[in-house]
Each structure stands twice: as structure tokens, then as C-alpha cells.
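Visitor: mmCIF, C-alpha atoms and all ligand atoms, saved as query18.cif, coming up:
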data_final
loop_
_atom_site.label_atom_id
_atom_site.label_comp_id
_atom_site.auth_asym_id
_atom_site.auth_seq_id
_atom_site.Cartn_x
_atom_site.Cartn_y
_atom_site.Cartn_z
CA MET A 1 0.00 0.00 0.00
CA TRP A 2 2.77 2.46 1.05
CA ILE A 3 4.88 1.48 -1.96
CA MET A 4 1.97 2.24 -4.28
CA PHE A 5 1.45 5.62 -2.56
CA ILE A 6 5.14 6.54 -2.94
CA LYS A 7 5.05 5.50 -6.63
CA ILE A 8 2.04 7.76 -7.29
CA ILE A 9 3.71 10.73 -5.55
CA PHE A 10 6.87 10.09 -7.56
CA ILE A 11 4.97 9.94 -10.86
CA SER A 12 3.00 13.08 -9.96
CA ILE A 13 6.28 14.98 -9.43
CA ILE A 14 7.56 13.72 -12.80
CA ALA A 15 4.23 14.75 -14.35
CA ILE A 16 4.59 18.31 -13.07
CA ILE A 17 8.16 18.54 -14.38
CA LEU A 18 7.17 17.07 -17.78
CA SER A 19 4.18 19.34 -18.22
CA PHE A 20 6.42 22.32 -17.44
CA TYR A 21 8.84 21.35 -20.25
CA TYR A 22 6.61 19.59 -22.86
CA GLY A 23 3.12 21.03 -22.31
CA ASP A 24 0.35 18.93 -24.01
CA LYS A 25 2.64 16.10 -25.20
CA SER A 26 3.41 15.17 -21.62
CA THR A 27 -0.11 13.74 -21.04
CA ASP A 28 0.68 10.64 -23.21
CA ILE A 29 3.90 9.97 -21.34
CA ILE A 30 2.19 10.43 -17.96
CA SER A 31 -0.71 8.10 -18.78
CA SER A 32 1.75 5.38 -19.94
CA LEU A 33 3.67 5.71 -16.68
CA PHE A 34 0.43 5.39 -14.68
CA SER A 35 -0.69 2.33 -16.60
CA VAL A 36 2.67 0.62 -15.93
CA VAL A 37 2.29 1.22 -12.19
CA VAL A 38 -1.35 0.14 -12.07
CA SER A 39 -0.79 -3.00 -14.19
CA SER A 40 2.20 -4.06 -12.06
CA LYS A 41 -0.12 -3.79 -9.06
CA THR A 42 -2.80 -5.94 -10.78
CA LEU A 43 -0.18 -8.50 -11.80
CA SER A 44 1.19 -8.87 -8.28
CA ASN A 45 -2.40 -9.24 -7.00
CA SER A 46 -3.21 -11.99 -9.48
CA THR A 47 -0.08 -14.00 -8.68
CA THR A 48 -0.73 -13.93 -4.95
CA ARG A 49 -4.40 -14.73 -5.55
CA LYS A 50 -3.35 -17.90 -7.33
CA LEU A 51 -1.73 -19.49 -4.29
CA PHE A 52 -3.96 -21.24 -1.76
CA THR A 53 -3.23 -22.74 1.62
CA LYS A 54 -5.06 -25.95 2.52
CA LYS A 55 -7.23 -23.93 4.88
CA GLN A 56 -8.21 -21.45 2.17
CA LEU A 57 -8.96 -24.19 -0.36
CA LYS A 58 -11.20 -25.99 2.12
CA LEU A 59 -13.61 -23.03 2.05
CA TYR A 60 -14.42 -23.48 -1.64
CA ASN A 61 -16.99 -26.17 -0.94
CA GLY A 62 -20.20 -24.58 -2.22
CA VAL A 63 -21.26 -23.69 1.35
CA ASP A 64 -18.59 -21.51 3.00
CA LYS A 65 -17.96 -20.04 -0.44
CA PRO A 66 -20.31 -20.53 -3.37
CA GLU A 67 -17.62 -21.96 -5.65
CA LEU A 68 -16.47 -25.59 -5.76
CA TYR A 69 -12.72 -26.05 -6.13
CA ILE A 70 -10.76 -29.28 -6.38
CA SER A 71 -7.02 -29.84 -6.49
CA ILE A 72 -5.17 -32.48 -8.46
CA LEU A 73 -1.37 -32.73 -8.21
CA GLY A 74 -1.46 -29.30 -6.55
CA ARG A 75 -3.30 -27.55 -9.41
CA ILE A 76 -6.62 -26.04 -8.36
CA PHE A 77 -9.62 -26.09 -10.69
CA ASP A 78 -13.00 -24.40 -10.43
CA VAL A 79 -15.53 -27.22 -10.89
CA THR A 80 -18.61 -25.18 -9.87
CA ARG A 81 -20.11 -25.94 -13.30
CA GLY A 82 -20.02 -29.66 -12.40
CA ILE A 83 -22.17 -29.17 -9.28
CA LYS A 84 -24.20 -32.30 -10.08
CA HIS A 85 -21.01 -34.37 -9.54
CA TYR A 86 -19.18 -32.31 -6.91
CA GLY A 87 -21.86 -30.43 -4.97
CA PRO A 88 -22.69 -31.20 -1.30
CA ASN A 89 -23.82 -34.84 -0.91
CA GLN A 90 -22.97 -35.65 -4.53
CA GLN A 91 -20.92 -38.69 -5.59
CA TYR A 92 -17.61 -36.89 -6.11
CA ASN A 93 -17.91 -34.30 -3.33
CA ILE A 94 -14.96 -36.01 -1.62
CA PHE A 95 -12.62 -34.24 -4.09
CA VAL A 96 -13.89 -30.78 -3.17
CA GLY A 97 -11.81 -28.32 -1.12
CA ARG A 98 -8.76 -30.56 -0.99
CA ASP A 99 -6.12 -32.45 -2.95
CA ALA A 100 -7.18 -36.08 -3.16
CA SER A 101 -4.98 -36.97 -6.16
CA ARG A 102 -4.52 -40.56 -5.00
CA CYS A 103 -8.29 -41.22 -4.99
CA PHE A 104 -8.60 -40.49 -8.71
CA VAL A 105 -6.77 -43.77 -9.25
CA THR A 106 -7.69 -45.93 -6.28
CA GLY A 107 -11.41 -45.06 -6.42
CA LYS A 108 -11.39 -45.34 -2.61
CA PHE A 109 -13.38 -42.41 -1.31
CA ASN A 110 -13.41 -43.12 2.45
CA ILE A 111 -12.09 -40.29 4.60
CA ASP A 112 -9.13 -42.47 5.74
CA ASP A 113 -8.14 -43.18 2.13
CA ILE A 114 -7.85 -39.53 1.11
CA SER A 115 -4.31 -38.67 0.18
CA ASP A 116 -2.32 -36.60 -2.30
CA GLU A 117 0.60 -39.05 -2.34
CA VAL A 118 1.22 -40.77 -5.66
CA ALA A 119 4.97 -41.38 -5.82
CA ASP A 120 4.53 -45.14 -5.33
CA PHE A 121 2.24 -45.49 -8.37
CA GLY A 122 3.21 -47.70 -11.29
CA ASN A 123 2.99 -46.61 -14.93
CA ASP A 124 -0.66 -47.59 -15.42
CA ASP A 125 -1.75 -45.63 -12.35
CA LEU A 126 0.35 -42.63 -13.35
CA ARG A 127 -1.19 -42.62 -16.80
CA SER A 128 -4.65 -42.75 -15.33
CA LEU A 129 -3.78 -39.82 -13.05
CA ASN A 130 -2.45 -37.91 -16.05
CA TYR A 131 -5.71 -38.62 -17.82
CA TRP A 132 -7.59 -36.86 -14.99
CA LEU A 133 -5.17 -33.94 -14.91
CA ASN A 134 -5.66 -33.40 -18.64
CA PHE A 135 -9.41 -33.85 -18.24
CA TYR A 136 -9.56 -30.98 -15.74
CA LYS A 137 -7.27 -28.80 -17.86
CA LYS A 138 -9.62 -29.30 -20.80
CA GLU A 139 -12.98 -29.13 -19.05
CA TYR A 140 -12.51 -26.64 -16.21
CA LYS A 141 -10.72 -23.38 -15.45
CA ILE A 142 -7.49 -23.54 -13.47
CA VAL A 143 -7.62 -21.03 -10.63
CA GLY A 144 -4.35 -21.53 -8.79
CA LYS A 145 -1.93 -23.75 -6.97
CA LEU A 146 -2.08 -25.36 -3.57
CA ILE A 147 0.80 -24.77 -1.18
CA GLY A 148 1.86 -28.17 0.09
CA ARG A 149 3.20 -31.36 -1.41
CA TYR A 150 3.45 -30.10 -5.00
CA PHE A 151 4.08 -26.35 -4.71
CA ASP A 152 5.95 -24.26 -2.16
CA ASN A 153 5.02 -20.89 -0.60
CA ASN A 154 6.28 -19.10 -3.72
CA GLY A 155 4.28 -21.25 -6.11
CA ASN A 156 7.37 -23.10 -7.30
CA GLN A 157 7.26 -26.84 -7.78
CA THR A 158 8.64 -28.78 -4.82
CA PRO A 159 11.20 -31.57 -5.39
CA TYR A 160 8.28 -34.02 -4.90
CA GLY A 161 6.20 -32.13 -7.48
CA ARG A 162 9.08 -32.19 -9.96
CA ALA A 163 9.66 -35.90 -9.41
CA VAL A 164 5.98 -36.74 -10.01
CA LYS A 165 5.95 -34.59 -13.16
CA MET A 166 8.94 -36.57 -14.49
CA MET A 167 7.26 -39.84 -13.57
CA LEU A 168 4.10 -38.86 -15.48
CA LYS A 169 6.17 -38.03 -18.56
CA GLU A 170 8.10 -41.28 -18.30
CA ALA A 171 4.87 -43.30 -17.88
CA GLU A 172 3.44 -41.75 -21.07
CA ARG A 173 6.68 -42.53 -22.92
CA GLU A 174 6.53 -46.15 -21.77
CA LYS A 175 2.89 -46.59 -22.85
CA GLU A 176 3.59 -48.45 -26.08
CA LYS A 177 6.24 -50.68 -24.47
CA ASP A 178 3.90 -51.50 -21.57
CA HIS A 179 1.13 -52.40 -24.00
CA LEU A 180 3.34 -54.83 -25.91
CA GLU A 181 4.40 -56.37 -22.59
CA LYS A 182 0.74 -56.80 -21.65
CA VAL A 183 -0.09 -58.48 -24.94
CA LYS A 184 2.74 -60.93 -24.32
CA PHE A 185 1.98 -61.42 -20.62
CA PRO A 186 -1.71 -60.49 -20.12
CA PRO A 187 -2.80 -59.52 -16.59
CA CYS A 188 -4.84 -62.09 -14.58
CA ASN A 189 -8.46 -61.77 -13.46
CA VAL A 190 -8.75 -61.03 -9.74
CA GLU A 191 -11.67 -61.68 -7.40
CA TRP A 192 -11.98 -61.28 -3.65
CA ASN A 193 -14.51 -62.47 -1.10
CA VAL A 194 -14.56 -62.85 2.69
CA GLU A 195 -14.64 -66.68 2.81
CA THR A 196 -12.10 -67.59 0.16
CA GLY A 197 -9.85 -64.48 0.05
CA THR A 198 -8.27 -63.55 -3.27
CA ARG A 199 -8.62 -65.77 -6.32
CA ILE A 200 -6.60 -65.11 -9.44
CA TRP A 201 -7.17 -66.84 -12.72
CA CYS A 202 -6.57 -66.57 -16.43
CA SER A 203 -9.04 -66.57 -19.27
CA LYS A 204 -8.94 -65.79 -22.97
CA LYS A 205 -9.94 -62.17 -22.24
CA SER A 206 -8.16 -61.48 -18.95
CA GLY A 207 -6.50 -58.07 -18.67
CA GLY A 208 -8.60 -56.93 -21.64
CA ILE A 209 -6.27 -58.81 -24.01
CA GLU A 210 -8.29 -61.02 -26.36
CA ARG A 211 -6.36 -64.11 -27.44
CA ASP A 212 -6.74 -67.78 -28.33
CA TRP A 213 -5.01 -69.05 -25.16
CA SER A 214 -5.64 -68.61 -21.44
CA GLY A 215 -2.30 -69.31 -19.76
CA MET A 216 -1.58 -69.87 -16.08
CA PRO A 217 -1.20 -67.22 -13.36
CA TYR A 218 2.43 -66.51 -12.48
CA GLN A 219 4.22 -63.84 -10.49
CA LEU A 220 5.97 -61.72 -13.10
CA TYR A 221 8.83 -59.45 -12.07
CA GLU A 222 9.12 -56.72 -14.68
CA PRO A 223 12.43 -54.93 -15.29
CA GLY A 224 12.86 -51.91 -13.03
CA SER A 225 9.96 -52.89 -10.76
CA LYS A 226 10.53 -54.03 -7.18
CA THR A 227 7.21 -55.84 -6.98
CA TYR A 228 5.58 -58.48 -9.14
CA ARG A 229 2.27 -58.52 -10.95
CA CYS A 230 0.02 -61.43 -11.77
CA ALA A 231 0.50 -62.34 -15.43
CA CYS A 232 -0.94 -65.11 -17.58
CA ILE A 233 1.90 -67.12 -19.00
CA ASN A 234 1.49 -69.65 -21.77
CA GLU A 235 3.65 -72.77 -22.16
CA HIS A 236 6.09 -70.99 -24.54
CA ASN A 237 7.00 -68.42 -21.92
CA GLU A 238 7.14 -70.74 -18.89
CA LYS A 239 10.92 -70.95 -18.99
CA LEU A 240 11.38 -67.20 -18.42
CA GLY A 241 13.68 -66.33 -15.52
CA SER A 242 11.57 -63.43 -14.22
CA ILE A 243 8.48 -65.46 -13.32
CA LYS A 244 7.64 -67.39 -10.18
CA GLU A 245 4.86 -69.90 -9.58
CA TYR A 246 2.04 -69.20 -7.14
CA GLU A 247 1.51 -71.86 -4.52
CA ASP A 248 -1.80 -73.74 -4.60
CA CYS A 249 -2.41 -73.21 -8.27
CA ASP A 250 -4.92 -75.59 -9.75
CA LYS A 251 -3.53 -76.14 -13.24
CA SER A 252 -6.79 -77.73 -14.41
CA THR A 253 -8.94 -74.67 -13.64
CA PHE A 254 -6.22 -72.11 -14.43
CA SER A 255 -6.83 -70.52 -11.03
CA CYS A 256 -5.03 -69.98 -7.67
CA PHE A 257 -6.05 -68.81 -4.22
CA ILE A 258 -3.58 -66.44 -2.64
CA LYS A 259 -3.00 -67.27 1.01
CA GLY A 260 -3.33 -64.63 3.72
CA SER A 261 -5.26 -62.09 1.66
C1 LIG A 301 -11.48 -44.80 -9.86
C2 LIG A 301 -12.80 -44.75 -9.91
C3 LIG A 301 -13.57 -43.52 -10.36
C4 LIG A 301 -13.24 -42.20 -10.30
C5 LIG A 301 -11.99 -41.56 -9.69
C6 LIG A 301 -14.31 -41.45 -10.91
C7 LIG A 301 -14.33 -40.07 -11.01
C8 LIG A 301 -15.31 -39.37 -11.67
C9 LIG A 301 -15.36 -37.93 -11.75
C10 LIG A 301 -14.34 -36.98 -11.14
C11 LIG A 301 -16.46 -37.59 -12.45
C12 LIG A 301 -16.91 -36.18 -12.78
C13 LIG A 301 -16.36 -35.74 -14.11
C14 LIG A 301 -16.79 -34.32 -14.47
O1 LIG A 301 -16.33 -33.37 -13.81
O2 LIG A 301 -17.55 -34.16 -15.45
C15 LIG A 301 -17.12 -38.81 -12.83
C16 LIG A 301 -18.30 -38.88 -13.53
C17 LIG A 301 -19.02 -40.03 -13.69
N1 LIG A 301 -18.67 -41.29 -13.26
FE1 LIG A 301 -17.02 -41.79 -12.26
N2 LIG A 301 -15.27 -42.32 -11.33
C18 LIG A 301 -14.87 -43.59 -11.01
C19 LIG A 301 -15.55 -44.75 -11.24
C20 LIG A 301 -16.80 -44.82 -11.79
C21 LIG A 301 -17.56 -46.03 -11.98
C22 LIG A 301 -17.07 -47.42 -11.56
C23 LIG A 301 -18.72 -45.69 -12.57
C24 LIG A 301 -19.86 -46.51 -13.00
C25 LIG A 301 -20.14 -47.72 -12.56
C26 LIG A 301 -18.70 -44.25 -12.78
C27 LIG A 301 -19.69 -43.52 -13.39
C28 LIG A 301 -19.66 -42.18 -13.63
C29 LIG A 301 -20.70 -41.44 -14.32
C30 LIG A 301 -21.99 -42.04 -14.88
C31 LIG A 301 -20.30 -40.10 -14.37
C32 LIG A 301 -21.08 -38.93 -14.92
C33 LIG A 301 -20.78 -38.67 -16.35
C34 LIG A 301 -21.49 -37.42 -16.78
O3 LIG A 301 -22.62 -37.18 -16.38
O4 LIG A 301 -20.87 -36.63 -17.50
N3 LIG A 301 -17.52 -43.76 -12.28
N4 LIG A 301 -16.41 -39.86 -12.36
#
Mind turning this structure into C-alpha cells?
Ligand code: HEM

Guide:
Amino acid sequence: MWIMFIKIIFISIIAIILSFYYGDKSTDIISSLFSVVVSSKTLSNSTTRKLFTKKQLKLYNGVDKPELYISILGRIFDVTRGIKHYGPNQQYNIFVGRDASRCFVTGKFNIDDISDEVADFGNDDLRSLNYWLNFYKKEYKIVGKLIGRYFDNNGNQTPYGRAVKMMLKEAEREKEKDHLEKVKFPPCNVEWNVETGTRIWCSKKSGGIERDWSGMPYQLYEPGSKTYRCACINEHNEKLGSIKEYEDCDKSTFSCFIKGS
């Protein structure tokens, strides 16, 4: 406020001097100087307006403030237009007033499952997250950034934010390779119920890969990944070094029950 006041006094003094020397011509110069000062003020306002604390974001819930804002990977979008999805008591209200990036992939909307952590996601999950980020960029207006895991107090990306951005890029680059891998080693079907626990099995359509063979469920360790995934392996690939048998696999029904889950 004081800085603005001093700037106006300073420009007024220059204006008086200019009008003394140049008469009418000085008005153009003076108005340009004023517009520079005023626009720099507007600019600094708009940059600060674009940063939100968690507490501020929480208010944009359609009740405390009329607008509905959501955050994904620290970017805040105005989703007021989508009130039928995000409004109070609506199906996707859980995303409102916070960053629940993780839930866009897990589909778990319980209060305990809400999280903005995604660094442990694999390529498929990262791509699905990227899908949502691009969806919001296309469909809704971005209104700012959330200070926290992805952006710091100055609106700069945090090391975590930068790492996730790189991971998203890498996951998109690997898309074609991952698809070929899936055609070769299609994912298993998975089913869970209280009495029997988890059952995994293969079929001619498992993992969305249509084929003329079913294969058997195996633990497949993919290069660069510390964990395994369940993949359907046919007899030609059984000798691969990176696969491990599941215990209790019934080879006649192509299915296995995983103990302790
Ligand atoms: C990971 C799980 C899921 C997530 C994160 C998710 C998220 C969302 C979001 C954010 C929207 C609002 C999009 C917008 O702003 O226009 C939406 C819309 C919708 N979702 Fe889901 N969804 C999930 C699973 C499902 C499932 C399993 C179904 C159906 C069985 C479903 C059915 C719908 C429908 C019908 C719409 C409304 C489409 C429209 O009216 O434009 N969603 N979903």
C-alpha cells in the first residue's frame, strides 16, 4: 500500500516537471507511466491470488464459499459448473476443497483413504492420473496452486512435485512398451470375497487382451519394478527367468487362491 502511494507521488512529481517542459505532449507519457504502475499492481495481485493454503482451499466447498474447487497434483480447478457431480452430498464431493490426487486412481473415497501421495504409483496408475489432470485442464478453469506437497510458498514446484511430473512423462513414454508387454503377458483376473480371500485366474480375455489361449497365473517381475504382478503365462513363456509360480495353483482350472489375503 505504502509502496503504491510513494510510486504515485513520484509519478505526480515527474508529471509536473514534464508538463512544465513539454506542455500537451506530456499527457501521453504520464498516462503510460500510470498504466505501468497500475498493471504491475494488478499482476502482483493476481499472482498472490493464485496461491492457496489448505485452509483457504477448504472453504471453496459450495457452502462456505459458493464456488467448488478441487485440487489435483497441486493444481486447483474451479468445478462449480459440475455441481451435479461435486456439490454437497454428490458422488464426487470427496474431491472438493482438498487435494485427493490418489483417490482419482484408487477409487477409494473413504475419509481415511484420502491422500495426495502418488509417488509409489506404477505406470498404469500414473497414466490414469495424467488422464484426470488433462481432463480438468480441458474441461474446467485452473484457478491456482495449492501450497503443500506439490508447490511451495512461492508457487514453485517442490522436489516431490518435480519428481511426479517426471514420472508422469516417463509413464506416457513407456505406454507403447507396456502395452506390448501386456499383450505378451496379459494380466490375470482377480476376485476377492470374505470366505475364500483372493482368487486369481486366467481366461482368454483377462487383462482386456483377447487371445486364443488362457495361460496360467504366475508372479511376473518386470524390469525396473521391485514388486511383481500377476500375469498369464502360456507354455512358450514358462521358462522365463523373471516369473515365479504361485503356490496352490490348480492347473486344471487355471486358477489360484492367494494365502493370507
Ligand atoms: C477410480 C474410480 C472412479 C473415479 C476416480 C471417478 C471419477 C469421476 C469424476 C471426477 C467424475 C466427474 C467428471 C466431471 O467433472 O464431469 C465422474 C463422472 C461419472 N462417473 Fe465416475 N469415477 C470412477 C468410477 C466410476 C464407476 C465405476 C462408474 C460406474 C459404474 C462411474 C460412473 C460415472 C458417471 C456415470 C459419471 C457422470 C458422467 C457425466 O454425467 O458426464 N464412475 N467420475

Visitor: With 10 Å as the cut-off and only C-alpha atoms counted, what is the closest atom pair between each nearby residue of segment 96-190 of chain A and segment 69-92 of chain A? Distances in Å to one decimal, ordered by chain and number, as JSON lines.

Guide:
{"residue": "A:Val96", "atom": "CA", "partner": "A:Ile70", "partner_atom": "CA", "distance": 4.7}
{"residue": "A:Gly97", "atom": "CA", "partner": "A:Ile70", "partner_atom": "CA", "distance": 5.4}
{"residue": "A:Arg98", "atom": "CA", "partner": "A:Ser71", "partner_atom": "CA", "distance": 5.8}
{"residue": "A:Asp99", "atom": "CA", "partner": "A:Ser71", "partner_atom": "CA", "distance": 4.5}
{"residue": "A:Ala100", "atom": "CA", "partner": "A:Ile72", "partner_atom": "CA", "distance": 6.7}
{"residue": "A:Ser101", "atom": "CA", "partner": "A:Ile72", "partner_atom": "CA", "distance": 5.0}
{"residue": "A:Arg102", "atom": "CA", "partner": "A:Ile72", "partner_atom": "CA", "distance": 8.8}
{"residue": "A:Cys103", "atom": "CA", "partner": "A:Ile72", "partner_atom": "CA", "distance": 9.9}
{"residue": "A:Phe104", "atom": "CA", "partner": "A:Ile72", "partner_atom": "CA", "distance": 8.7}
{"residue": "A:Phe109", "atom": "CA", "partner": "A:Tyr92", "partner_atom": "CA", "distance": 8.5}
{"residue": "A:Asp116", "atom": "CA", "partner": "A:Leu73", "partner_atom": "CA", "distance": 7.1}
{"residue": "A:Glu117", "atom": "CA", "partner": "A:Leu73", "partner_atom": "CA", "distance": 8.8}
{"residue": "A:Val118", "atom": "CA", "partner": "A:Leu73", "partner_atom": "CA", "distance": 8.8}
{"residue": "A:Leu129", "atom": "CA", "partner": "A:Ile72", "partner_atom": "CA", "distance": 8.8}
{"residue": "A:Asn130", "atom": "CA", "partner": "A:Leu73", "partner_atom": "CA", "distance": 9.5}
{"residue": "A:Trp132", "atom": "CA", "partner": "A:Ile72", "partner_atom": "CA", "distance": 8.2}
{"residue": "A:Leu133", "atom": "CA", "partner": "A:Ile72", "partner_atom": "CA", "distance": 6.6}
{"residue": "A:Tyr136", "atom": "CA", "partner": "A:Phe77", "partner_atom": "CA", "distance": 7.0}
{"residue": "A:Lys137", "atom": "CA", "partner": "A:Phe77", "partner_atom": "CA", "distance": 8.0}
{"residue": "A:Glu139", "atom": "CA", "partner": "A:Val79", "partner_atom": "CA", "distance": 8.8}
{"residue": "A:Tyr140", "atom": "CA", "partner": "A:Val79", "partner_atom": "CA", "distance": 6.1}
{"residue": "A:Lys141", "atom": "CA", "partner": "A:Phe77", "partner_atom": "CA", "distance": 5.6}
{"residue": "A:Ile142", "atom": "CA", "partner": "A:Phe77", "partner_atom": "CA", "distance": 4.3}
{"residue": "A:Val143", "atom": "CA", "partner": "A:Phe77", "partner_atom": "CA", "distance": 5.4}
{"residue": "A:Gly144", "atom": "CA", "partner": "A:Ile76", "partner_atom": "CA", "distance": 5.1}
{"residue": "A:Lys145", "atom": "CA", "partner": "A:Arg75", "partner_atom": "CA", "distance": 4.7}
{"residue": "A:Leu146", "atom": "CA", "partner": "A:Gly74", "partner_atom": "CA", "distance": 5.0}
{"residue": "A:Ile147", "atom": "CA", "partner": "A:Gly74", "partner_atom": "CA", "distance": 7.4}
{"residue": "A:Gly148", "atom": "CA", "partner": "A:Gly74", "partner_atom": "CA", "distance": 7.5}
{"residue": "A:Arg149", "atom": "CA", "partner": "A:Gly74", "partner_atom": "CA", "distance": 7.2}
{"residue": "A:Tyr150", "atom": "CA", "partner": "A:Gly74", "partner_atom": "CA", "distance": 5.2}
{"residue": "A:Phe151", "atom": "CA", "partner": "A:Gly74", "partner_atom": "CA", "distance": 6.5}
{"residue": "A:Asp152", "atom": "CA", "partner": "A:Gly74", "partner_atom": "CA", "distance": 10.0}
{"residue": "A:Gly155", "atom": "CA", "partner": "A:Gly74", "partner_atom": "CA", "distance": 9.9}
{"residue": "A:Gln157", "atom": "CA", "partner": "A:Gly74", "partner_atom": "CA", "distance": 9.1}
{"residue": "A:Gly161", "atom": "CA", "partner": "A:Leu73", "partner_atom": "CA", "distance": 7.6}
{"residue": "A:Val164", "atom": "CA", "partner": "A:Leu73", "partner_atom": "CA", "distance": 8.6}
{"residue": "A:Lys165", "atom": "CA", "partner": "A:Leu73", "partner_atom": "CA", "distance": 9.0}

Visitor: Any idea what's packed within 12 Å of segment 226-236 of chain A, counting only C-alpha atoms, ignoring anything in its chain fewer than 6 positions away? Could you give it as a ChimeraX atom specification?

Guide: /A:120-122,181-190,199-209,211-220,242-246,251,254-256,258

Visitor: With C-alpha atoms retained, export the selected residues as a JSON list (two decimals), in the frame of the given file.

Guide:
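The resulting file, result_9.json, is shown below:
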[["chain", "number", "residue", "atom", "x", "y", "z"],
["A", 120, "ASP", "CA", 4.53, -45.14, -5.33],
["A", 121, "PHE", "CA", 2.24, -45.49, -8.37],
["A", 122, "GLY", "CA", 3.21, -47.70, -11.29],
["A", 181, "GLU", "CA", 4.40, -56.37, -22.59],
["A", 182, "LYS", "CA", 0.74, -56.80, -21.65],
["A", 183, "VAL", "CA", -0.09, -58.48, -24.94],
["A", 184, "LYS", "CA", 2.74, -60.93, -24.32],
["A", 185, "PHE", "CA", 1.98, -61.42, -20.62],
["A", 186, "PRO", "CA", -1.71, -60.49, -20.12],
["A", 187, "PRO", "CA", -2.80, -59.52, -16.59],
["A", 188, "CYS", "CA", -4.84, -62.09, -14.58],
["A", 189, "ASN", "CA", -8.46, -61.77, -13.46],
["A", 190, "VAL", "CA", -8.75, -61.03, -9.74],
["A", 199, "ARG", "CA", -8.62, -65.77, -6.32],
["A", 200, "ILE", "CA", -6.60, -65.11, -9.44],
["A", 201, "TRP", "CA", -7.17, -66.84, -12.72],
["A", 202, "CYS", "CA", -6.57, -66.57, -16.43],
["A", 203, "SER", "CA", -9.04, -66.57, -19.27],
["A", 204, "LYS", "CA", -8.94, -65.79, -22.97],
["A", 205, "LYS", "CA", -9.94, -62.17, -22.24],
["A", 206, "SER", "CA", -8.16, -61.48, -18.95],
["A", 207, "GLY", "CA", -6.50, -58.07, -18.67],
["A", 208, "GLY", "CA", -8.60, -56.93, -21.64],
["A", 209, "ILE", "CA", -6.27, -58.81, -24.01],
["A", 211, "ARG", "CA", -6.36, -64.11, -27.44],
["A", 212, "ASP", "CA", -6.74, -67.78, -28.33],
["A", 213, "TRP", "CA", -5.01, -69.05, -25.16],
["A", 214, "SER", "CA", -5.64, -68.61, -21.44],
["A", 215, "GLY", "CA", -2.30, -69.31, -19.76],
["A", 216, "MET", "CA", -1.58, -69.87, -16.08],
["A", 217, "PRO", "CA", -1.20, -67.22, -13.36],
["A", 218, "TYR", "CA", 2.43, -66.51, -12.48],
["A", 219, "GLN", "CA", 4.22, -63.84, -10.49],
["A", 220, "LEU", "CA", 5.97, -61.72, -13.10],
["A", 242, "SER", "CA", 11.57, -63.43, -14.22],
["A", 243, "ILE", "CA", 8.48, -65.46, -13.32],
["A", 244, "LYS", "CA", 7.64, -67.39, -10.18],
["A", 245, "GLU", "CA", 4.86, -69.90, -9.58],
["A", 246, "TYR", "CA", 2.04, -69.20, -7.14],
["A", 251, "LYS", "CA", -3.53, -76.14, -13.24],
["A", 254, "PHE", "CA", -6.22, -72.11, -14.43],
["A", 255, "SER", "CA", -6.83, -70.52, -11.03],
["A", 256, "CYS", "CA", -5.03, -69.98, -7.67],
["A", 258, "ILE", "CA", -3.58, -66.44, -2.64]]

Visitor: Which one is closest to ligand LIG 301 (chain A): A:Lys138, A:Lys65, A:Lys55, A:Lys169? Count only C-alpha atoms and all ligand atoms.

Guide: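 Using only C-alpha atoms and all ligand atoms, ligand LIG 301 (chain A) sits closest to A:Lys138.
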
Visitor: Which distance in Å separates atom CA of Glu222 of chain A and atom CA of Glu191 of chain A, to one decimal?

Guide: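 Atom CA of Glu191 of chain A lies at a distance of 22.6 Å from atom CA of Glu222 of chain A.
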
Visitor: At what distance in Å, to one decimal, does atom C4 of ligand LIG 301 (chain A) lie from atom CA of Tyr60 of chain A?

Guide: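 Those two atoms sit 20.7 Å apart.
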
Visitor: For atom C5 of ligand LIG 301 (chain A) and atom CA of Thr196 of chain A, determine how far apart the two atoms are, in Å to one decimal place.

Guide: 27.8 Å

Visitor: Which is closer to ligand LIG 301 (chain A) than all the others in A:Thr158, A:Thr106, A:Asn134, A:Ser115, using all atoms listed in the file?

Guide: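 Going through A:Thr158, A:Thr106, A:Asn134, A:Ser115 one by one, the smallest distance to ligand LIG 301 (chain A) is for A:Thr106.
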
Visitor: Could you check which of A:Glu176, A:Asn123, A:Gly107, A:Asp112 is closest to ligand LIG 301 (chain A), using only C-alpha atoms and all ligand atoms?

Guide: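 Going through A:Glu176, A:Asn123, A:Gly107, A:Asp112 one by one, the smallest distance to ligand LIG 301 (chain A) is for A:Gly107.
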
Visitor: Which residue gives the smallest distance to ligand LIG 301 (chain A) among A:Asn110, A:Thr198, A:Asn153, A:Ser128, with all atoms listed in the file counted?

Guide: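 The closest residue to ligand LIG 301 (chain A) is A:Ser128.
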
Visitor: Taking into account only C-alpha atoms and all ligand atoms, which residue in the set A:Glu195, A:Asp125, A:Glu172, A:Asp248 is nearest to ligand LIG 301 (chain A)?

Guide: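 Looking only at the distances to ligand LIG 301 (chain A), the closest residue turns out to be A:Asp125.
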
Visitor: Could you check the closest approach to ligand LIG 301 (chain A) for each of A:Glu67, A:Glu247, A:Thr53, A:Phe135 and tell me which residue wins, using all atoms listed in the file?

Guide: A:Phe135

Visitor: Using only the atoms of segment 230-233 of chain A listed in the file, plus 4 Å on each side, state the axis-aligned box centre and edge lengths in Å rounded to one decimal, as lines of an AutoDock Vina configuration file.

Guide:
center_x = 0.5
center_y = -64.3
center_z = -15.4
size_x = 10.8
size_y = 13.7
size_z = 15.2
